[in-house]
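S.K.: One structure, as structure tokens, below. Some questions next.
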Amino acid sequence: MQIFLDSTDTKLIAELAETGLVDGVTTNPTLIAKSGRPMLEVIAEICDLVPGPISAEVAAIKADAMIAEGEKLAGIAPNVVVKVPLTRDGLIATGHFNRQGIKTNVTLCFSAVQALLAAKAGATYISPFIGRLDDQGADGMGLITDIRAIYDNYGFDTEILAASIRTTGHVKEAALSGADCATLPANVFGELFKHPLTDKGLEQFLKDWAGTGQSIL
Ligand code: E4P
């Protein structure tokens with residue numbers, strides 16, 4: 001499963017990319033607002049930091065305007081993926097981008113039939129929002145399972161990008177449910193490395209090693 005960071009914090013992205021485990025980055029208008037920086041500048045910087053797919057979201061509502069914005073965003077760098085909302089106009093724009101060879105991430109997906117339409121429109125990625133569904137008492141992970149089954153039934157190659165991830169448990173379940181990618185906030189990415197038994201075990205190993213008085217180098 002590919003791991004993306006859901007962030008516009010370029011300092012943090014650079015730091016986490018050093019692990020070699022960051023396959024891409026997703027952004028959205030809220031994250032751009034949080035950065036306090038001009039969108040085009042932030043996206044260009046992220047594209048330099050991470051060679052994988054970098055999602056940059058349009059802000060327009062109408063298909064024509066989404067297409068104009070998306071073409072501009074796609075011009076920033078070859079690894080830009082144009083993110084469009086899952087609306088009727090968003091899917092018209094997705095079809096257009098698909099015909100132009102521009103990659104898309106269809107976002108704000110909350111149902112399996114929405115995901116079916118996005119795949120038919122030629123979306124490169126579909127982003128089901130797990131956490132926001134769970135927040136409503138719905139079954140976020142069940143949505144991933146349903147989309148996986150539908151896409152496999154018809155051989156759609158749209159990749160399932162599990163989004164709105166809140167916990168490491170979400171990451172595990174997304175992987176078990178067959179999501180192709182998951183986009184994580186930096187804190188969840190950091191938590192993936194950790195286990196208390198790893199810390200405890202390492203502490204004991206280091207103590208015992210020190211007792212031997214040996215050195216490997
Ligand atoms: C995905 O592309 C979105 O940017 C993101 O995952 C939304 O997450 P949130 O529900 O935590 O805002």
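Numbering starts fresh at 1 for the residues of each chain in the structure tokens, the chains themselves are lettered A, B, ... in the order given, and ligands are numbered from 1 as they appear.
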Kindly work out which residues sit at most 7 Å from ligand 1, using only C-alpha atoms and all ligand atoms, and give the list as a list in words.
M.R.: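 I would give the residues around ligand 1 as Asp6, Thr26, Thr27, Asn28, Thr107, Ser127, Phe129, Gly131, Arg132, Ala163, Ser164, Ile165, Arg166, Thr183 and Leu184 of chain A.
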S.K.: Need to verify the contact set: Gly90 of chain A, 8 Å, only C-alpha atoms, exclusion of same-chain residues closer than 3 positions in sequence. Can you return it as a list in words?
M.R.: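 The residues satisfying every condition are Ile61, Lys62, Ala63, Met66, Val84, Pro85, Leu86, Thr87, Ala93, Thr94 and Val106 of chain A.
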S.K.: Please save N, CA, C and O atoms of the selected residues as a tab-separated table (two decimals), in the first residue's frame.
M.R.:
```tsv
chain	number	residue	atom	x	y	z
A	61	ILE	N	-16.38	25.66	-8.77
A	61	ILE	CA	-17.57	24.82	-8.63
A	61	ILE	C	-18.04	24.32	-9.99
A	61	ILE	O	-18.53	23.21	-10.13
A	62	LYS	N	-17.90	25.15	-11.00
A	62	LYS	CA	-18.37	24.80	-12.35
A	62	LYS	C	-17.28	24.07	-13.13
A	62	LYS	O	-16.09	24.41	-13.01
A	63	ALA	N	-17.69	23.12	-13.97
A	63	ALA	CA	-16.73	22.28	-14.69
A	63	ALA	C	-15.72	23.10	-15.50
A	63	ALA	O	-14.51	22.82	-15.44
A	66	MET	N	-13.25	24.61	-13.24
A	66	MET	CA	-12.40	23.56	-12.65
A	66	MET	C	-11.33	23.14	-13.67
A	66	MET	O	-10.18	22.90	-13.31
A	84	VAL	N	-10.34	17.01	-7.57
A	84	VAL	CA	-11.64	17.63	-7.85
A	84	VAL	C	-12.69	17.02	-6.92
A	84	VAL	O	-12.61	15.84	-6.58
A	85	PRO	N	-13.68	17.82	-6.52
A	85	PRO	CA	-14.71	17.27	-5.63
A	85	PRO	C	-15.66	16.34	-6.38
A	85	PRO	O	-15.86	16.50	-7.59
A	86	LEU	N	-16.22	15.38	-5.64
A	86	LEU	CA	-17.13	14.42	-6.27
A	86	LEU	C	-18.52	15.05	-6.43
A	86	LEU	O	-19.43	14.79	-5.63
A	87	THR	N	-18.62	15.89	-7.46
A	87	THR	CA	-19.90	16.50	-7.83
A	87	THR	C	-20.11	16.20	-9.31
A	87	THR	O	-19.21	15.70	-9.99
A	93	ALA	N	-15.34	17.44	-15.26
A	93	ALA	CA	-13.94	17.89	-15.34
A	93	ALA	C	-12.99	16.69	-15.31
A	93	ALA	O	-12.00	16.65	-16.05
A	94	THR	N	-13.32	15.69	-14.50
A	94	THR	CA	-12.47	14.48	-14.41
A	94	THR	C	-12.37	13.80	-15.78
A	94	THR	O	-11.29	13.40	-16.21
A	106	VAL	N	-10.28	12.21	-7.20
A	106	VAL	CA	-11.66	12.65	-6.93
A	106	VAL	C	-11.92	12.52	-5.43
A	106	VAL	O	-11.85	11.43	-4.87
```
S.K.: Measuring between only C-alpha atoms, which one of A:Leu21, A:Ala186, A:Ala33, A:Ile76 shows the shortest distance to Thr168 of chain A?
M.R.: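 The closest residue to Thr168 of chain A is A:Ala186.
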S.K.: Taking into account only C-alpha atoms, which residue in the set A:Leu192, A:Ala59, A:Ile144, A:Ile3 is nearest to Ala179 of chain A?
M.R.: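 The answer is A:Ile144, which sits nearest to Ala179 of chain A.
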S.K.: Give me the residues near segment 148-159 of chain A as JSON, numbers by chain, where near means some atom within 6 Å (using only C-alpha atoms) and where sequence neighbours in that chain fewer than 5 positions away do not count.
M.R.: {"A": [119, 123, 124, 125, 180]}
S.K.: Next, dump the selected residues to file, keeping only N, CA, C and O atoms, as a compact mmCIF listing (two decimals), in the first residue's frame.
M.R.:
```
# COMPACT_ATOMS: atom_id res chain seq x y z
N ALA A 119 -14.94 6.27 -11.14
CA ALA A 119 -14.14 5.33 -11.94
C ALA A 119 -14.60 5.39 -13.40
O ALA A 119 -13.76 5.38 -14.32
N ALA A 123 -11.28 8.59 -13.22
CA ALA A 123 -10.44 9.11 -12.13
C ALA A 123 -9.20 8.24 -11.94
O ALA A 123 -9.29 7.01 -12.02
N THR A 124 -8.08 8.87 -11.66
CA THR A 124 -6.85 8.11 -11.35
C THR A 124 -6.96 7.57 -9.92
O THR A 124 -6.62 6.42 -9.66
N TYR A 125 -7.42 8.43 -9.01
CA TYR A 125 -7.60 8.05 -7.60
C TYR A 125 -9.01 8.42 -7.16
O TYR A 125 -9.56 9.43 -7.60
N ASP A 180 -5.48 0.91 -2.21
CA ASP A 180 -4.19 0.99 -2.90
C ASP A 180 -3.24 1.94 -2.20
O ASP A 180 -2.03 1.77 -2.25
```
S.K.: For the strand (DSSP E) assignment from backbone DSSP, which residues of segment 47-97 of chain A qualify? Please present them as a list in words.
M.R.: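 Strand (DSSP E) assignments inside segment 47-97 of chain A correspond to Ile54, Ser55, Ala56, Glu57, Val80, Val81, Val82, Lys83, Val84 and Pro85 of chain A.
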S.K.: Could you take the residues named above and write them with N, CA, C and O atoms, as a tab-separated table (two decimals), in the first residue's frame?
M.R.:
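Final file, again_28.tsv:
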```tsv
chain	number	residue	atom	x	y	z
A	54	ILE	N	1.40	14.36	-6.20
A	54	ILE	CA	1.08	15.44	-5.25
A	54	ILE	C	-0.29	16.00	-5.64
A	54	ILE	O	-0.43	16.62	-6.70
A	55	SER	N	-1.28	15.79	-4.80
A	55	SER	CA	-2.63	16.27	-5.13
A	55	SER	C	-2.81	17.74	-4.79
A	55	SER	O	-2.53	18.16	-3.66
A	56	ALA	N	-3.30	18.50	-5.78
A	56	ALA	CA	-3.57	19.94	-5.60
A	56	ALA	C	-5.02	20.16	-6.02
A	56	ALA	O	-5.41	19.82	-7.15
A	57	GLU	N	-5.82	20.71	-5.11
A	57	GLU	CA	-7.28	20.75	-5.31
A	57	GLU	C	-7.77	22.03	-5.97
A	57	GLU	O	-7.36	23.14	-5.57
A	80	VAL	N	2.04	16.64	-10.43
A	80	VAL	CA	0.79	17.15	-9.85
A	80	VAL	C	-0.38	16.28	-10.27
A	80	VAL	O	-0.50	15.88	-11.43
A	81	VAL	N	-1.25	15.96	-9.31
A	81	VAL	CA	-2.51	15.27	-9.57
A	81	VAL	C	-3.60	16.29	-9.23
A	81	VAL	O	-3.59	16.87	-8.15
A	82	VAL	N	-4.51	16.51	-10.17
A	82	VAL	CA	-5.54	17.52	-9.95
A	82	VAL	C	-6.68	16.90	-9.12
A	82	VAL	O	-7.25	15.88	-9.51
A	83	LYS	N	-6.94	17.54	-8.00
A	83	LYS	CA	-7.97	17.02	-7.09
A	83	LYS	C	-9.28	17.76	-7.35
A	83	LYS	O	-9.30	19.00	-7.36
A	84	VAL	N	-10.34	17.01	-7.57
A	84	VAL	CA	-11.64	17.63	-7.85
A	84	VAL	C	-12.69	17.02	-6.92
A	84	VAL	O	-12.61	15.84	-6.58
A	85	PRO	N	-13.68	17.82	-6.52
A	85	PRO	CA	-14.71	17.27	-5.63
A	85	PRO	C	-15.66	16.34	-6.38
A	85	PRO	O	-15.86	16.50	-7.59
```
S.K.: Assign secondary structure with DSSP using the backbone only, and return the residues of segment 74-150 of chain A in helix (DSSP H, G or I) as a ChimeraX atom specification.
M.R.: /A:74,88-100,112-121,130-135,140-150
S.K.: Keeping N, CA and C atoms for every residue in the selection just given, could you write it to a file as a compact mmCIF listing (two decimals), in the first residue's frame?
M.R.:
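File produced: part.txt:
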```txt
# COMPACT_ATOMS: atom_id res chain seq x y z
N ALA A 74 -1.84 21.59 -13.03
CA ALA A 74 -1.06 20.51 -13.66
C ALA A 74 0.22 21.03 -14.29
N ARG A 88 -21.29 16.54 -9.80
CA ARG A 88 -21.57 16.33 -11.23
C ARG A 88 -20.54 17.09 -12.07
N ASP A 89 -20.31 18.36 -11.74
CA ASP A 89 -19.32 19.13 -12.48
C ASP A 89 -17.91 18.58 -12.30
N GLY A 90 -17.64 18.13 -11.08
CA GLY A 90 -16.31 17.56 -10.81
C GLY A 90 -16.04 16.35 -11.70
N LEU A 91 -17.06 15.54 -11.92
CA LEU A 91 -16.86 14.35 -12.75
C LEU A 91 -16.79 14.70 -14.24
N ILE A 92 -17.47 15.78 -14.65
CA ILE A 92 -17.32 16.25 -16.03
C ILE A 92 -15.86 16.68 -16.24
N ALA A 93 -15.34 17.44 -15.26
CA ALA A 93 -13.94 17.89 -15.34
C ALA A 93 -12.99 16.69 -15.31
N THR A 94 -13.32 15.69 -14.50
CA THR A 94 -12.47 14.48 -14.41
C THR A 94 -12.37 13.80 -15.78
N GLY A 95 -13.51 13.68 -16.47
CA GLY A 95 -13.52 13.08 -17.80
C GLY A 95 -12.63 13.86 -18.75
N HIS A 96 -12.71 15.18 -18.67
CA HIS A 96 -11.88 16.03 -19.52
C HIS A 96 -10.40 15.80 -19.23
N PHE A 97 -10.04 15.83 -17.93
CA PHE A 97 -8.62 15.64 -17.57
C PHE A 97 -8.14 14.27 -18.02
N ASN A 98 -9.00 13.27 -17.88
CA ASN A 98 -8.63 11.91 -18.29
C ASN A 98 -8.29 11.88 -19.78
N ARG A 99 -9.11 12.53 -20.59
CA ARG A 99 -8.86 12.55 -22.04
C ARG A 99 -7.58 13.31 -22.37
N GLN A 100 -7.22 14.26 -21.49
CA GLN A 100 -6.00 15.05 -21.71
C GLN A 100 -4.75 14.39 -21.13
N ALA A 112 -20.37 4.28 -2.19
CA ALA A 112 -19.82 3.36 -3.19
C ALA A 112 -20.29 3.74 -4.60
N VAL A 113 -21.53 4.22 -4.70
CA VAL A 113 -22.01 4.59 -6.05
C VAL A 113 -21.31 5.86 -6.56
N GLN A 114 -20.95 6.75 -5.64
CA GLN A 114 -20.15 7.92 -6.07
C GLN A 114 -18.81 7.41 -6.64
N ALA A 115 -18.23 6.43 -5.94
CA ALA A 115 -16.94 5.89 -6.39
C ALA A 115 -17.07 5.19 -7.74
N LEU A 116 -18.22 4.55 -7.97
CA LEU A 116 -18.46 3.89 -9.26
C LEU A 116 -18.46 4.94 -10.38
N LEU A 117 -19.14 6.06 -10.14
CA LEU A 117 -19.19 7.12 -11.16
C LEU A 117 -17.80 7.72 -11.41
N ALA A 118 -17.04 7.91 -10.34
CA ALA A 118 -15.69 8.49 -10.49
C ALA A 118 -14.82 7.58 -11.36
N ALA A 119 -14.94 6.27 -11.14
CA ALA A 119 -14.14 5.33 -11.94
C ALA A 119 -14.60 5.39 -13.40
N LYS A 120 -15.92 5.46 -13.62
CA LYS A 120 -16.42 5.55 -14.99
C LYS A 120 -15.94 6.83 -15.68
N ALA A 121 -15.77 7.90 -14.88
CA ALA A 121 -15.28 9.17 -15.45
C ALA A 121 -13.78 9.12 -15.74
N ILE A 130 -12.79 8.15 5.27
CA ILE A 130 -13.10 7.21 6.35
C ILE A 130 -13.47 7.89 7.67
N GLY A 131 -12.58 8.75 8.16
CA GLY A 131 -12.79 9.37 9.47
C GLY A 131 -14.07 10.17 9.54
N ARG A 132 -14.35 10.93 8.49
CA ARG A 132 -15.57 11.76 8.54
C ARG A 132 -16.83 10.90 8.56
N LEU A 133 -16.78 9.71 7.92
CA LEU A 133 -17.93 8.80 7.99
C LEU A 133 -18.04 8.23 9.40
N ASP A 134 -16.92 7.80 9.96
CA ASP A 134 -16.94 7.26 11.32
C ASP A 134 -17.46 8.30 12.31
N ASP A 135 -17.06 9.58 12.09
CA ASP A 135 -17.52 10.66 12.98
C ASP A 135 -19.05 10.73 13.02
N GLY A 140 -16.95 3.76 7.94
CA GLY A 140 -15.99 4.27 6.95
C GLY A 140 -15.24 3.15 6.24
N MET A 141 -14.78 2.17 7.01
CA MET A 141 -13.97 1.13 6.39
C MET A 141 -14.80 0.22 5.50
N GLY A 142 -16.09 0.07 5.85
CA GLY A 142 -16.99 -0.72 5.00
C GLY A 142 -17.07 -0.12 3.61
N LEU A 143 -16.93 1.20 3.53
CA LEU A 143 -16.98 1.87 2.22
C LEU A 143 -15.79 1.43 1.36
N ILE A 144 -14.62 1.33 1.99
CA ILE A 144 -13.42 0.88 1.24
C ILE A 144 -13.66 -0.54 0.70
N THR A 145 -14.19 -1.40 1.56
CA THR A 145 -14.44 -2.79 1.16
C THR A 145 -15.41 -2.84 -0.03
N ASP A 146 -16.47 -2.03 0.04
CA ASP A 146 -17.47 -2.01 -1.04
C ASP A 146 -16.85 -1.51 -2.35
N ILE A 147 -16.07 -0.44 -2.25
CA ILE A 147 -15.46 0.12 -3.48
C ILE A 147 -14.49 -0.90 -4.08
N ARG A 148 -13.71 -1.57 -3.21
CA ARG A 148 -12.77 -2.59 -3.71
C ARG A 148 -13.51 -3.65 -4.51
N ALA A 149 -14.64 -4.12 -3.94
CA ALA A 149 -15.40 -5.18 -4.62
C ALA A 149 -15.95 -4.68 -5.96
N ILE A 150 -16.48 -3.47 -5.98
CA ILE A 150 -17.05 -2.93 -7.23
C ILE A 150 -15.95 -2.75 -8.28
```
S.K.: May I ask which of the residues A:Ala77, A:Ala68, A:Val50, A:Ala162 is the closest one to Ala182 of chain A, counting only C-alpha atoms?
M.R.: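 Looking only at the distances to Ala182 of chain A, the closest residue turns out to be A:Ala162.
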S.K.: What's the separation between atom CA of Asn79 of chain A and atom CA of Cys47 of chain A, in Å to one decimal place?
M.R.: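 Distance reported for this atom pair: 6.6 Å.
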S.K.: Would you list the contacts of Glu69 of chain A as a PyMOL selection string, taking every protein, DNA or RNA residue within 8 Å and counting only C-alpha atoms, but skipping same-chain residues closer than 2 positions in sequence?
M.R.: chain A and resi 58-60+65-67+71-73
